[in-house]
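**Q** I'd like to ask some things about the structure below.
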Amino acid sequence: MDVAAADLPERELYKLLVNTVLPRPIALVTSCDRQGRANAAPFSFFNVFSHAPPLVVLGIEGREGPVPDKDTLRNIRETGSFVVNLVDRALVPAMTVCAIDFPPEVDELAVAGLETLPSRAVAAPRLAASPVQLECRERVCLGLGTRHRTLVVGEIVHLWIRDGLVDERGHVDVDALDLVGRLHGADWYVTTRDRFREPRKTIADLEARAPAQPEKKP
Ligand SMILES: Cc1cc2nc3c(=O)[nH]c(=O)nc-3n(C[C@H](O)[C@H](O)[C@H](O)COP(=O)(O)O)c2cc1C
């Protein structure tokens with residue numbers, strides 16, 4: 001296949017991108033409105049973008065209809081904050097409940113059975129069940145594209161990592177962390193249990209491995 005992005009219908013382009021760029025980490029984003037009502041929704045157009053400054057990015061799609069902004073985006077605009085809760089294997093069923101397109105008045109956290117805790121530095125609450133919670137302040141919301149696609153850039157201002165996951169040397173126990181990523185289609189996910197190691201190389205490593213050059217004849 002060899003095709004210009006502009007020649008593909010929007011839906012086809014979406015399918016090709018989400019079924020090839022994978023796995024994608026999942027942010028179960030908690031936010032709240034001006035009245036402090038909490039909301040949670042998963043986003044896999046998500047990643048950590050840099051550590052200095054510590055930035056995350058979210059790609060939030062607009063909805064069809066008269067109110068295009070998802071609740072998460074509206075709340076981020078209202079309060080300037082959100083929390084990225086990373087998703088482990090145990091959190092997946094509740095995460096999928098949070099993806100249901102509930103009307104704003106429905107407390108999806110209660111429906112999903114998720115307990116929230118107050119954050120240290122931002123208004124948005126965090127999820128007790130998540131192993132890693134990143135409190136973020138909105139740095140910029142960029143409206144891109146024609147269908148209310150918004151790129152949210154948030155700065156991590158406070159980190160919560162479940163006790164026992166980081167040892168005294170600062171090493172993270174990735175087995176115990178047990179995070180998942182989003183795979184192809186609407187429903188496929190992957191754990192981080194199937195891993196392999198490939199050491200990084202130096203120029204000296206490559207030179208040591210180079211095949212011996214044949215000796216030149218005089
Ligand atoms: C695993 C997963 C990943 C998702 N990723 C995104 C995403 O990156 N961007 C997006 O706009 N919607 C994404 N969605 C859909 C939203 O979670 C869904 O529209 C949700 O209802 C939005 O909730 P809100 O209105 O409370 O913000 C995803 C859904 C699932 C299940």
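Scheme for the structure tokens: letters A, B, ... for chains in order shown; per-chain residue numbers from 1; ligand numbers from 1 in order shown.
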Pick out the residues no farther than 6 Å from ligand 1, counting only C-alpha atoms and all ligand atoms, and list them as a list in words.
**A**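 My answer, listing the contacting residues, is Asn39, Ala40, Ala41, Pro42, Phe43, Ser44, Phe45, Gly59, Ile60, Glu61, Lys70, Asp71, Thr72, Thr96, Ala99, Ile100, Asp101 and Arg182 of chain A.
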**Q** How would the residues just chosen look if you wrote them out with all heavy atoms as a short mmCIF file (atom, residue, chain, number, x, y, z; two decimals), in the first residue's frame?
**A**
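Below is the file that was written, selection_8.cif:
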data_model
loop_
_atom_site.label_atom_id
_atom_site.label_comp_id
_atom_site.auth_asym_id
_atom_site.auth_seq_id
_atom_site.Cartn_x
_atom_site.Cartn_y
_atom_site.Cartn_z
N ASN A 39 -14.80 13.67 36.59
CA ASN A 39 -15.03 12.97 35.34
C ASN A 39 -13.80 12.12 35.03
O ASN A 39 -12.69 12.49 35.41
CB ASN A 39 -15.23 14.02 34.23
CG ASN A 39 -15.54 13.40 32.88
OD1 ASN A 39 -16.67 13.05 32.63
ND2 ASN A 39 -14.53 13.26 32.03
N ALA A 40 -14.03 11.00 34.35
CA ALA A 40 -12.87 10.18 33.92
C ALA A 40 -13.13 9.66 32.52
O ALA A 40 -14.26 9.27 32.19
CB ALA A 40 -12.67 9.00 34.88
N ALA A 41 -12.09 9.64 31.70
CA ALA A 41 -12.20 9.11 30.33
C ALA A 41 -10.82 8.66 29.85
O ALA A 41 -9.82 9.32 30.15
CB ALA A 41 -12.77 10.16 29.39
N PRO A 42 -10.77 7.54 29.09
CA PRO A 42 -9.47 7.08 28.57
C PRO A 42 -9.09 7.75 27.25
O PRO A 42 -9.94 8.02 26.41
CB PRO A 42 -9.72 5.58 28.37
CG PRO A 42 -11.18 5.44 28.11
CD PRO A 42 -11.85 6.59 28.81
N PHE A 43 -7.77 7.94 27.09
CA PHE A 43 -7.23 8.52 25.86
C PHE A 43 -5.95 7.77 25.48
O PHE A 43 -5.02 7.68 26.29
CB PHE A 43 -6.93 10.02 26.05
CG PHE A 43 -8.18 10.81 26.29
CD1 PHE A 43 -8.65 11.01 27.57
CD2 PHE A 43 -8.93 11.29 25.23
CE1 PHE A 43 -9.84 11.69 27.80
CE2 PHE A 43 -10.11 11.97 25.43
CZ PHE A 43 -10.57 12.17 26.73
N SER A 44 -5.94 7.22 24.26
CA SER A 44 -4.73 6.53 23.82
C SER A 44 -3.96 7.33 22.77
O SER A 44 -2.88 6.89 22.35
CB SER A 44 -5.06 5.12 23.30
OG SER A 44 -5.88 5.20 22.17
N PHE A 45 -4.53 8.46 22.32
CA PHE A 45 -3.68 9.43 21.63
C PHE A 45 -3.02 10.21 22.75
O PHE A 45 -3.42 11.33 23.11
CB PHE A 45 -4.49 10.34 20.70
CG PHE A 45 -4.96 9.66 19.44
CD1 PHE A 45 -6.23 9.89 18.94
CD2 PHE A 45 -4.13 8.80 18.75
CE1 PHE A 45 -6.66 9.27 17.78
CE2 PHE A 45 -4.56 8.18 17.58
CZ PHE A 45 -5.83 8.41 17.10
N GLY A 59 -4.58 13.73 22.59
CA GLY A 59 -5.31 14.13 21.39
C GLY A 59 -6.79 13.88 21.62
O GLY A 59 -7.21 12.72 21.74
N ILE A 60 -7.56 14.94 21.73
CA ILE A 60 -8.99 14.78 22.05
C ILE A 60 -9.82 15.15 20.82
O ILE A 60 -9.71 16.26 20.30
CB ILE A 60 -9.38 15.65 23.27
CG1 ILE A 60 -8.48 15.30 24.47
CG2 ILE A 60 -10.85 15.44 23.61
CD1 ILE A 60 -8.84 16.00 25.76
N GLU A 61 -10.63 14.19 20.42
CA GLU A 61 -11.45 14.36 19.23
C GLU A 61 -12.76 15.05 19.59
O GLU A 61 -13.29 14.80 20.68
CB GLU A 61 -11.74 12.98 18.64
CG GLU A 61 -12.41 13.02 17.29
CD GLU A 61 -12.67 11.60 16.78
OE1 GLU A 61 -12.52 10.64 17.54
OE2 GLU A 61 -13.04 11.47 15.62
N LYS A 70 -15.68 17.14 24.30
CA LYS A 70 -15.86 16.09 25.30
C LYS A 70 -15.73 16.73 26.69
O LYS A 70 -15.10 17.79 26.86
CB LYS A 70 -14.81 14.99 25.11
CG LYS A 70 -15.02 14.25 23.79
CD LYS A 70 -14.16 13.01 23.65
CE LYS A 70 -14.52 12.30 22.34
NZ LYS A 70 -13.75 11.09 22.10
N ASP A 71 -16.32 16.05 27.68
CA ASP A 71 -16.31 16.61 29.05
C ASP A 71 -14.87 16.87 29.52
O ASP A 71 -14.60 17.86 30.20
CB ASP A 71 -17.00 15.64 30.02
CG ASP A 71 -18.47 15.44 29.66
OD1 ASP A 71 -19.02 16.26 28.90
OD2 ASP A 71 -19.06 14.45 30.13
N THR A 72 -13.98 15.96 29.17
CA THR A 72 -12.58 16.11 29.61
C THR A 72 -12.00 17.45 29.12
O THR A 72 -11.39 18.19 29.89
CB THR A 72 -11.73 14.95 29.07
OG1 THR A 72 -12.25 13.72 29.58
CG2 THR A 72 -10.27 15.09 29.45
N THR A 96 -12.97 0.86 30.56
CA THR A 96 -13.88 0.79 29.41
C THR A 96 -15.25 1.36 29.77
O THR A 96 -15.94 1.90 28.90
CB THR A 96 -14.02 -0.65 28.86
OG1 THR A 96 -14.53 -1.50 29.89
CG2 THR A 96 -12.70 -1.19 28.36
N ALA A 99 -15.22 4.99 29.17
CA ALA A 99 -15.24 5.40 27.76
C ALA A 99 -16.65 5.53 27.21
O ALA A 99 -16.85 6.00 26.10
CB ALA A 99 -14.46 4.40 26.92
N ILE A 100 -17.66 5.11 28.00
CA ILE A 100 -19.04 5.22 27.53
C ILE A 100 -19.40 6.70 27.43
O ILE A 100 -19.01 7.51 28.28
CB ILE A 100 -20.00 4.47 28.48
CG1 ILE A 100 -19.68 2.97 28.48
CG2 ILE A 100 -21.46 4.72 28.10
CD1 ILE A 100 -20.43 2.17 29.54
N ASP A 101 -20.14 7.02 26.38
CA ASP A 101 -20.48 8.42 26.12
C ASP A 101 -21.66 8.83 27.00
O ASP A 101 -22.77 9.03 26.51
CB ASP A 101 -20.81 8.54 24.62
CG ASP A 101 -20.67 9.96 24.15
OD1 ASP A 101 -20.30 10.81 24.96
OD2 ASP A 101 -20.95 10.19 22.94
N ARG A 182 -2.89 0.06 24.31
CA ARG A 182 -3.99 -0.20 23.37
C ARG A 182 -3.42 -0.76 22.08
O ARG A 182 -2.44 -0.25 21.55
CB ARG A 182 -4.75 1.10 23.10
CG ARG A 182 -6.05 0.83 22.38
CD ARG A 182 -6.86 2.08 22.17
NE ARG A 182 -8.19 1.72 21.74
CZ ARG A 182 -9.09 2.58 21.34
NH1 ARG A 182 -8.81 3.87 21.32
NH2 ARG A 182 -10.28 2.18 20.97
#
**Q** What lies within 6 Å of region 79-92 of chain A using only C-alpha atoms, ignoring chain neighbours under 6 positions off, as an mmCIF file with N, CA and C atoms, in the first residue's frame?
**A**
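This is the output file out_8.cif:
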data_model
loop_
_atom_site.group_PDB
_atom_site.id
_atom_site.type_symbol
_atom_site.label_atom_id
_atom_site.label_comp_id
_atom_site.auth_asym_id
_atom_site.auth_seq_id
_atom_site.Cartn_x
_atom_site.Cartn_y
_atom_site.Cartn_z
ATOM 1 N N ALA A 27 -3.975 6.860 28.897
ATOM 2 C CA ALA A 27 -4.171 7.770 30.031
ATOM 3 C C ALA A 27 -5.643 7.710 30.407
ATOM 4 N N LEU A 28 -5.943 7.293 31.622
ATOM 5 C CA LEU A 28 -7.316 7.433 32.113
ATOM 6 C C LEU A 28 -7.339 8.789 32.813
ATOM 7 N N VAL A 29 -7.881 9.770 32.090
ATOM 8 C CA VAL A 29 -7.742 11.162 32.538
ATOM 9 C C VAL A 29 -8.890 11.532 33.469
ATOM 10 N N THR A 30 -8.537 11.997 34.663
ATOM 11 C CA THR A 30 -9.556 12.556 35.557
ATOM 12 C C THR A 30 -9.463 14.068 35.496
ATOM 13 N N SER A 31 -10.656 14.674 35.572
ATOM 14 C CA SER A 31 -10.752 16.136 35.522
ATOM 15 C C SER A 31 -11.992 16.506 36.325
ATOM 16 N N ALA A 124 -8.218 18.820 39.823
ATOM 17 C CA ALA A 124 -8.728 17.514 39.369
ATOM 18 C C ALA A 124 -8.348 16.428 40.366
ATOM 19 N N SER A 130 -5.295 3.508 40.414
ATOM 20 C CA SER A 130 -4.242 3.573 39.395
ATOM 21 C C SER A 130 -2.857 3.525 40.048
ATOM 22 N N VAL A 132 -0.030 4.742 38.929
ATOM 23 C CA VAL A 132 0.746 5.972 38.708
ATOM 24 C C VAL A 132 -0.224 7.096 38.341
ATOM 25 N N GLN A 133 -0.151 8.178 39.098
ATOM 26 C CA GLN A 133 -1.050 9.312 38.840
ATOM 27 C C GLN A 133 -0.189 10.559 38.655
ATOM 28 N N LEU A 134 -0.375 11.215 37.522
ATOM 29 C CA LEU A 134 0.434 12.383 37.189
ATOM 30 C C LEU A 134 -0.460 13.618 37.196
ATOM 31 N N GLU A 135 -0.253 14.477 38.178
ATOM 32 C CA GLU A 135 -1.052 15.710 38.235
ATOM 33 C C GLU A 135 -0.490 16.688 37.205
ATOM 34 N N CYS A 136 -1.371 17.218 36.365
ATOM 35 C CA CYS A 136 -0.917 18.061 35.251
ATOM 36 C C CYS A 136 -1.631 19.410 35.241
ATOM 37 N N ARG A 137 -0.880 20.439 34.874
ATOM 38 C CA ARG A 137 -1.479 21.746 34.588
ATOM 39 C C ARG A 137 -1.463 21.952 33.090
ATOM 40 N N GLU A 138 -2.569 22.450 32.566
ATOM 41 C CA GLU A 138 -2.648 22.717 31.127
ATOM 42 C C GLU A 138 -1.589 23.746 30.746
ATOM 43 N N ASP A 178 2.554 -3.574 35.859
ATOM 44 C CA ASP A 178 1.568 -4.325 35.060
ATOM 45 C C ASP A 178 0.692 -3.420 34.182
ATOM 46 N N LEU A 179 1.320 -2.465 33.504
ATOM 47 C CA LEU A 179 0.543 -1.551 32.653
ATOM 48 C C LEU A 179 0.088 -2.228 31.361
ATOM 49 N N VAL A 180 -0.931 -1.658 30.756
ATOM 50 C CA VAL A 180 -1.418 -2.157 29.465
ATOM 51 C C VAL A 180 -1.305 -1.046 28.419
#
**Q** Pull the helix (DSSP H, G or I) assignments for region 11-210 of chain A out of DSSP run on the backbone, and list those residues as a short mmCIF file (atom, residue, chain, number, x, y, z; two decimals) with all heavy atoms, in the first residue's frame.
**A**
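Output contents, as saved in out34.cif:
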data_model
loop_
_atom_site.label_atom_id
_atom_site.label_comp_id
_atom_site.auth_asym_id
_atom_site.auth_seq_id
_atom_site.Cartn_x
_atom_site.Cartn_y
_atom_site.Cartn_z
N ARG A 11 -12.25 8.15 7.98
CA ARG A 11 -12.41 6.93 8.77
C ARG A 11 -11.34 5.90 8.43
O ARG A 11 -10.81 5.21 9.29
CB ARG A 11 -13.83 6.38 8.52
CG ARG A 11 -14.21 5.19 9.34
CD ARG A 11 -14.45 5.55 10.80
NE ARG A 11 -14.35 4.35 11.62
CZ ARG A 11 -14.04 4.33 12.90
NH1 ARG A 11 -13.81 5.45 13.54
NH2 ARG A 11 -13.98 3.21 13.57
N GLU A 12 -11.03 5.79 7.12
CA GLU A 12 -10.00 4.84 6.68
C GLU A 12 -8.64 5.23 7.24
O GLU A 12 -7.85 4.40 7.68
CB GLU A 12 -9.93 4.79 5.15
CG GLU A 12 -11.13 4.13 4.50
CD GLU A 12 -11.41 2.76 5.08
OE1 GLU A 12 -10.50 1.92 5.09
OE2 GLU A 12 -12.54 2.54 5.57
N LEU A 13 -8.36 6.53 7.20
CA LEU A 13 -7.08 7.01 7.72
C LEU A 13 -6.98 6.71 9.21
O LEU A 13 -5.94 6.23 9.69
CB LEU A 13 -6.98 8.52 7.46
CG LEU A 13 -5.67 9.21 7.80
CD1 LEU A 13 -4.48 8.52 7.17
CD2 LEU A 13 -5.73 10.67 7.37
N TYR A 14 -8.07 6.94 9.93
CA TYR A 14 -8.10 6.63 11.37
C TYR A 14 -7.76 5.15 11.59
O TYR A 14 -6.90 4.81 12.40
CB TYR A 14 -9.48 6.97 11.95
CG TYR A 14 -9.65 6.48 13.37
CD1 TYR A 14 -9.18 7.22 14.44
CD2 TYR A 14 -10.29 5.26 13.64
CE1 TYR A 14 -9.31 6.76 15.75
CE2 TYR A 14 -10.43 4.79 14.94
CZ TYR A 14 -9.94 5.55 15.99
OH TYR A 14 -10.08 5.08 17.27
N LYS A 15 -8.44 4.29 10.81
CA LYS A 15 -8.25 2.85 11.02
C LYS A 15 -6.81 2.44 10.72
O LYS A 15 -6.21 1.65 11.45
CB LYS A 15 -9.23 2.06 10.15
CG LYS A 15 -10.60 1.99 10.83
CD LYS A 15 -11.75 1.50 10.01
CE LYS A 15 -11.53 0.45 9.02
NZ LYS A 15 -12.73 0.25 8.15
N LEU A 16 -6.25 3.00 9.65
CA LEU A 16 -4.87 2.63 9.32
C LEU A 16 -3.89 3.11 10.39
O LEU A 16 -2.95 2.40 10.74
CB LEU A 16 -4.49 3.21 7.96
CG LEU A 16 -5.13 2.52 6.75
CD1 LEU A 16 -4.77 3.27 5.48
CD2 LEU A 16 -4.68 1.06 6.66
N LEU A 17 -4.13 4.29 10.93
CA LEU A 17 -3.19 4.82 11.94
C LEU A 17 -3.29 4.06 13.25
O LEU A 17 -2.28 3.64 13.81
CB LEU A 17 -3.44 6.32 12.15
CG LEU A 17 -3.05 7.20 10.96
CD1 LEU A 17 -3.40 8.65 11.24
CD2 LEU A 17 -1.57 7.07 10.64
N VAL A 18 -4.54 3.84 13.75
CA VAL A 18 -4.64 3.20 15.07
C VAL A 18 -4.34 1.71 15.00
O VAL A 18 -4.06 1.10 16.03
CB VAL A 18 -6.01 3.45 15.76
CG1 VAL A 18 -6.24 4.93 15.98
CG2 VAL A 18 -7.14 2.81 15.00
N ASP A 71 -16.32 16.05 27.68
CA ASP A 71 -16.31 16.61 29.05
C ASP A 71 -14.87 16.87 29.52
O ASP A 71 -14.60 17.86 30.20
CB ASP A 71 -17.00 15.64 30.02
CG ASP A 71 -18.47 15.44 29.66
OD1 ASP A 71 -19.02 16.26 28.90
OD2 ASP A 71 -19.06 14.45 30.13
N THR A 72 -13.98 15.96 29.17
CA THR A 72 -12.58 16.11 29.61
C THR A 72 -12.00 17.45 29.12
O THR A 72 -11.39 18.19 29.89
CB THR A 72 -11.73 14.95 29.07
OG1 THR A 72 -12.25 13.72 29.58
CG2 THR A 72 -10.27 15.09 29.45
N LEU A 73 -12.21 17.74 27.85
CA LEU A 73 -11.65 18.97 27.29
C LEU A 73 -12.31 20.19 27.93
O LEU A 73 -11.63 21.16 28.30
CB LEU A 73 -11.81 18.99 25.77
CG LEU A 73 -11.24 20.23 25.08
CD1 LEU A 73 -9.74 20.37 25.34
CD2 LEU A 73 -11.52 20.20 23.59
N ARG A 74 -13.63 20.12 28.07
CA ARG A 74 -14.33 21.26 28.69
C ARG A 74 -13.78 21.50 30.10
O ARG A 74 -13.49 22.63 30.49
CB ARG A 74 -15.83 20.96 28.74
CG ARG A 74 -16.69 22.16 29.09
CD ARG A 74 -17.98 21.74 29.76
NE ARG A 74 -17.74 20.88 30.90
CZ ARG A 74 -18.36 19.72 31.13
NH1 ARG A 74 -19.26 19.27 30.29
NH2 ARG A 74 -18.07 18.99 32.19
N ASN A 75 -13.59 20.42 30.86
CA ASN A 75 -13.08 20.57 32.23
C ASN A 75 -11.65 21.11 32.26
O ASN A 75 -11.31 21.93 33.12
CB ASN A 75 -13.11 19.21 32.95
CG ASN A 75 -14.51 18.77 33.27
OD1 ASN A 75 -15.46 19.54 33.17
ND2 ASN A 75 -14.66 17.52 33.67
N ILE A 76 -10.83 20.65 31.34
CA ILE A 76 -9.44 21.15 31.30
C ILE A 76 -9.46 22.64 31.02
O ILE A 76 -8.74 23.43 31.64
CB ILE A 76 -8.60 20.38 30.24
CG1 ILE A 76 -8.40 18.93 30.69
CG2 ILE A 76 -7.26 21.06 30.02
CD1 ILE A 76 -7.76 18.02 29.65
N ARG A 77 -10.34 23.06 30.11
CA ARG A 77 -10.42 24.49 29.81
C ARG A 77 -10.93 25.28 31.02
O ARG A 77 -10.49 26.38 31.29
CB ARG A 77 -11.34 24.71 28.61
CG ARG A 77 -10.72 24.26 27.30
CD ARG A 77 -11.31 25.06 26.15
NE ARG A 77 -10.56 24.86 24.93
CZ ARG A 77 -10.99 24.16 23.90
NH1 ARG A 77 -12.18 23.59 23.93
NH2 ARG A 77 -10.25 24.05 22.81
N GLU A 78 -11.89 24.67 31.75
CA GLU A 78 -12.48 25.39 32.89
C GLU A 78 -11.53 25.50 34.07
O GLU A 78 -11.50 26.50 34.77
CB GLU A 78 -13.76 24.67 33.36
CG GLU A 78 -14.97 24.96 32.48
CD GLU A 78 -16.26 24.36 33.04
OE1 GLU A 78 -16.31 23.99 34.24
OE2 GLU A 78 -17.20 24.25 32.26
N THR A 79 -10.79 24.44 34.35
CA THR A 79 -9.98 24.42 35.59
C THR A 79 -8.48 24.49 35.33
O THR A 79 -7.71 24.68 36.27
CB THR A 79 -10.23 23.11 36.39
OG1 THR A 79 -9.73 22.02 35.61
CG2 THR A 79 -11.72 22.91 36.67
N ARG A 89 -3.53 -3.76 34.35
CA ARG A 89 -4.44 -4.80 33.87
C ARG A 89 -5.75 -4.81 34.66
O ARG A 89 -6.83 -5.00 34.10
CB ARG A 89 -3.72 -6.17 33.96
CG ARG A 89 -4.53 -7.34 33.46
CD ARG A 89 -4.75 -7.24 31.97
NE ARG A 89 -5.70 -8.22 31.48
CZ ARG A 89 -7.02 -8.04 31.46
NH1 ARG A 89 -7.56 -6.92 31.92
NH2 ARG A 89 -7.80 -8.97 30.96
N ALA A 90 -5.64 -4.61 35.98
CA ALA A 90 -6.83 -4.69 36.83
C ALA A 90 -7.81 -3.55 36.57
O ALA A 90 -9.01 -3.69 36.79
CB ALA A 90 -6.41 -4.66 38.30
N LEU A 91 -7.30 -2.44 36.06
CA LEU A 91 -8.14 -1.25 35.87
C LEU A 91 -8.88 -1.26 34.52
O LEU A 91 -9.75 -0.42 34.28
CB LEU A 91 -7.23 -0.02 35.98
CG LEU A 91 -7.78 1.37 36.27
CD1 LEU A 91 -8.77 1.37 37.42
CD2 LEU A 91 -6.64 2.34 36.54
N VAL A 92 -8.54 -2.22 33.65
CA VAL A 92 -9.09 -2.18 32.28
C VAL A 92 -10.63 -2.22 32.23
O VAL A 92 -11.25 -1.39 31.54
CB VAL A 92 -8.46 -3.28 31.39
CG1 VAL A 92 -9.17 -3.36 30.05
CG2 VAL A 92 -6.98 -3.01 31.18
N PRO A 93 -11.31 -3.14 32.95
CA PRO A 93 -12.78 -3.14 32.84
C PRO A 93 -13.40 -1.81 33.24
O PRO A 93 -14.29 -1.30 32.54
CB PRO A 93 -13.20 -4.27 33.78
CG PRO A 93 -11.99 -5.17 33.88
CD PRO A 93 -10.81 -4.26 33.79
N ALA A 94 -12.94 -1.22 34.33
CA ALA A 94 -13.49 0.09 34.76
C ALA A 94 -13.15 1.18 33.74
O ALA A 94 -13.96 2.07 33.46
CB ALA A 94 -12.95 0.45 36.14
N MET A 95 -11.96 1.09 33.15
CA MET A 95 -11.55 2.07 32.14
C MET A 95 -12.51 2.06 30.95
O MET A 95 -12.88 3.11 30.42
CB MET A 95 -10.11 1.74 31.70
CG MET A 95 -9.52 2.63 30.64
SD MET A 95 -9.89 2.12 28.96
CE MET A 95 -8.97 0.60 28.78
N THR A 96 -12.97 0.86 30.56
CA THR A 96 -13.88 0.79 29.41
C THR A 96 -15.25 1.36 29.77
O THR A 96 -15.94 1.90 28.90
CB THR A 96 -14.02 -0.65 28.86
OG1 THR A 96 -14.53 -1.50 29.89
CG2 THR A 96 -12.70 -1.19 28.36
N VAL A 97 -15.64 1.26 31.04
CA VAL A 97 -16.91 1.90 31.46
C VAL A 97 -16.78 3.42 31.31
O VAL A 97 -17.69 4.11 30.86
CB VAL A 97 -17.27 1.52 32.91
CG1 VAL A 97 -18.48 2.30 33.41
CG2 VAL A 97 -17.54 0.02 33.01
N CYS A 98 -15.60 3.95 31.67
CA CYS A 98 -15.38 5.40 31.59
C CYS A 98 -15.40 5.90 30.14
O CYS A 98 -15.54 7.11 29.91
CB CYS A 98 -14.06 5.80 32.25
SG CYS A 98 -14.02 5.49 34.01
N GLU A 108 -19.70 9.02 35.99
CA GLU A 108 -19.18 7.77 35.43
C GLU A 108 -18.21 7.08 36.40
O GLU A 108 -18.05 5.87 36.37
CB GLU A 108 -18.52 8.00 34.06
CG GLU A 108 -17.54 9.11 33.98
CD GLU A 108 -17.51 9.75 32.59
OE1 GLU A 108 -18.36 9.46 31.74
OE2 GLU A 108 -16.62 10.57 32.38
N LEU A 109 -17.62 7.85 37.30
CA LEU A 109 -16.73 7.24 38.29
C LEU A 109 -17.52 6.32 39.21
O LEU A 109 -17.07 5.22 39.55
CB LEU A 109 -16.02 8.33 39.09
CG LEU A 109 -14.95 9.05 38.27
CD1 LEU A 109 -14.69 10.43 38.82
CD2 LEU A 109 -13.68 8.23 38.28
N ALA A 110 -18.71 6.78 39.62
CA ALA A 110 -19.55 5.94 40.48
C ALA A 110 -20.00 4.70 39.71
O ALA A 110 -19.95 3.59 40.24
CB ALA A 110 -20.75 6.74 40.97
N VAL A 111 -20.41 4.89 38.45
CA VAL A 111 -20.86 3.75 37.65
C VAL A 111 -19.71 2.74 37.49
O VAL A 111 -19.91 1.52 37.56
CB VAL A 111 -21.37 4.21 36.26
CG1 VAL A 111 -21.82 3.02 35.43
CG2 VAL A 111 -22.50 5.21 36.39
N ALA A 112 -18.50 3.24 37.30
CA ALA A 112 -17.34 2.36 37.12
C ALA A 112 -16.81 1.82 38.44
O ALA A 112 -15.92 0.96 38.44
CB ALA A 112 -16.22 3.12 36.39
N VAL A 174 8.61 -2.98 36.97
CA VAL A 174 7.65 -2.94 35.86
C VAL A 174 6.73 -4.16 35.84
O VAL A 174 5.61 -4.08 35.32
CB VAL A 174 8.33 -2.75 34.48
CG1 VAL A 174 8.94 -1.38 34.36
CG2 VAL A 174 9.33 -3.82 34.19
N ASP A 175 7.17 -5.28 36.44
CA ASP A 175 6.27 -6.44 36.53
C ASP A 175 5.09 -6.10 37.43
O ASP A 175 3.93 -6.36 37.10
CB ASP A 175 7.01 -7.66 37.09
CG ASP A 175 7.89 -8.30 36.05
OD1 ASP A 175 7.41 -8.45 34.91
OD2 ASP A 175 9.05 -8.61 36.36
N ALA A 176 5.40 -5.54 38.60
CA ALA A 176 4.33 -5.19 39.54
C ALA A 176 3.48 -4.03 39.00
O ALA A 176 2.29 -3.96 39.28
CB ALA A 176 4.93 -4.81 40.89
N LEU A 177 4.07 -3.18 38.19
CA LEU A 177 3.33 -2.05 37.60
C LEU A 177 2.23 -2.58 36.68
O LEU A 177 1.12 -2.07 36.69
CB LEU A 177 4.34 -1.18 36.84
CG LEU A 177 3.92 0.19 36.35
CD1 LEU A 177 3.44 1.05 37.51
CD2 LEU A 177 5.11 0.87 35.66
N ILE A 203 29.82 2.86 19.15
CA ILE A 203 30.59 2.74 17.89
C ILE A 203 31.64 1.64 18.06
O ILE A 203 31.88 0.85 17.17
CB ILE A 203 31.23 4.09 17.52
CG1 ILE A 203 30.11 5.06 17.11
CG2 ILE A 203 32.25 3.94 16.40
CD1 ILE A 203 30.56 6.46 16.81
N ALA A 204 32.25 1.57 19.26
CA ALA A 204 33.28 0.54 19.51
C ALA A 204 32.69 -0.87 19.34
O ALA A 204 33.33 -1.76 18.77
CB ALA A 204 33.86 0.72 20.91
N ASP A 205 31.45 -1.08 19.80
CA ASP A 205 30.80 -2.39 19.63
C ASP A 205 30.70 -2.72 18.14
O ASP A 205 30.97 -3.85 17.72
CB ASP A 205 29.36 -2.40 20.19
CG ASP A 205 29.34 -2.29 21.69
OD1 ASP A 205 30.30 -2.74 22.32
OD2 ASP A 205 28.34 -1.76 22.22
N LEU A 206 30.28 -1.74 17.35
CA LEU A 206 30.09 -2.01 15.91
C LEU A 206 31.43 -2.30 15.25
O LEU A 206 31.53 -3.21 14.42
CB LEU A 206 29.41 -0.81 15.24
CG LEU A 206 28.00 -0.49 15.70
CD1 LEU A 206 27.41 0.65 14.89
CD2 LEU A 206 27.10 -1.71 15.59
N GLU A 207 32.47 -1.53 15.63
CA GLU A 207 33.79 -1.75 15.02
C GLU A 207 34.33 -3.13 15.40
O GLU A 207 34.92 -3.81 14.57
CB GLU A 207 34.76 -0.65 15.48
CG GLU A 207 34.49 0.64 14.72
CD GLU A 207 35.25 1.82 15.29
OE1 GLU A 207 35.92 1.67 16.34
OE2 GLU A 207 35.17 2.89 14.68
N ALA A 208 34.06 -3.55 16.63
CA ALA A 208 34.56 -4.85 17.07
C ALA A 208 33.91 -5.98 16.28
O ALA A 208 34.48 -7.04 16.10
CB ALA A 208 34.29 -5.03 18.56
N ARG A 209 32.68 -5.71 15.83
CA ARG A 209 31.95 -6.76 15.11
C ARG A 209 32.18 -6.75 13.61
O ARG A 209 31.76 -7.66 12.93
CB ARG A 209 30.45 -6.54 15.32
CG ARG A 209 29.96 -7.20 16.54
CD ARG A 209 28.50 -7.31 16.40
NE ARG A 209 27.92 -7.03 17.69
CZ ARG A 209 26.66 -6.75 17.87
NH1 ARG A 209 25.86 -6.66 16.85
NH2 ARG A 209 26.21 -6.57 19.07
#
**Q** From the list A:Val57, A:Ala123, A:Ala186, A:Val21, which residue is nearest Arg34 (chain A) when using only C-alpha atoms?
**A**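 Distance minimum relative to Arg34 (chain A) lands on A:Ala123.
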**Q** With only C-alpha atoms as the atoms that count, which of A:Pro68, A:Pro23, A:Pro54, A:Pro9 lies nearest to Arg149 (chain A)?
**A**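 Checking each candidate against Arg149 (chain A), we get A:Pro68 as the closest.
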**Q** For Arg139 (chain A), work out the shell of residues within 7 Å, counting only C-alpha atoms and skipping chain neighbours fewer than 2 positions away, then give it as a list of chain:residue names.
**A** A:Arg137, A:Val153, A:Gly154, A:Glu155
**Q** What is the distance, in Å and to one decimal place, between CA of Leu144 (chain A) and CA of Arg24 (chain A)?
**A**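 Distance between the two atoms: 20.7 Å.
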**Q** Can you list, as a PyMOL selection string, all residues belonging to region 4-218 of chain A that DSSP tags as strand (DSSP E)?
**A** chain A and resi 24-25+27-32+38-43+46-51+54-60+81-86+116-117+126-127+132-144+149-161+180-182+189-191
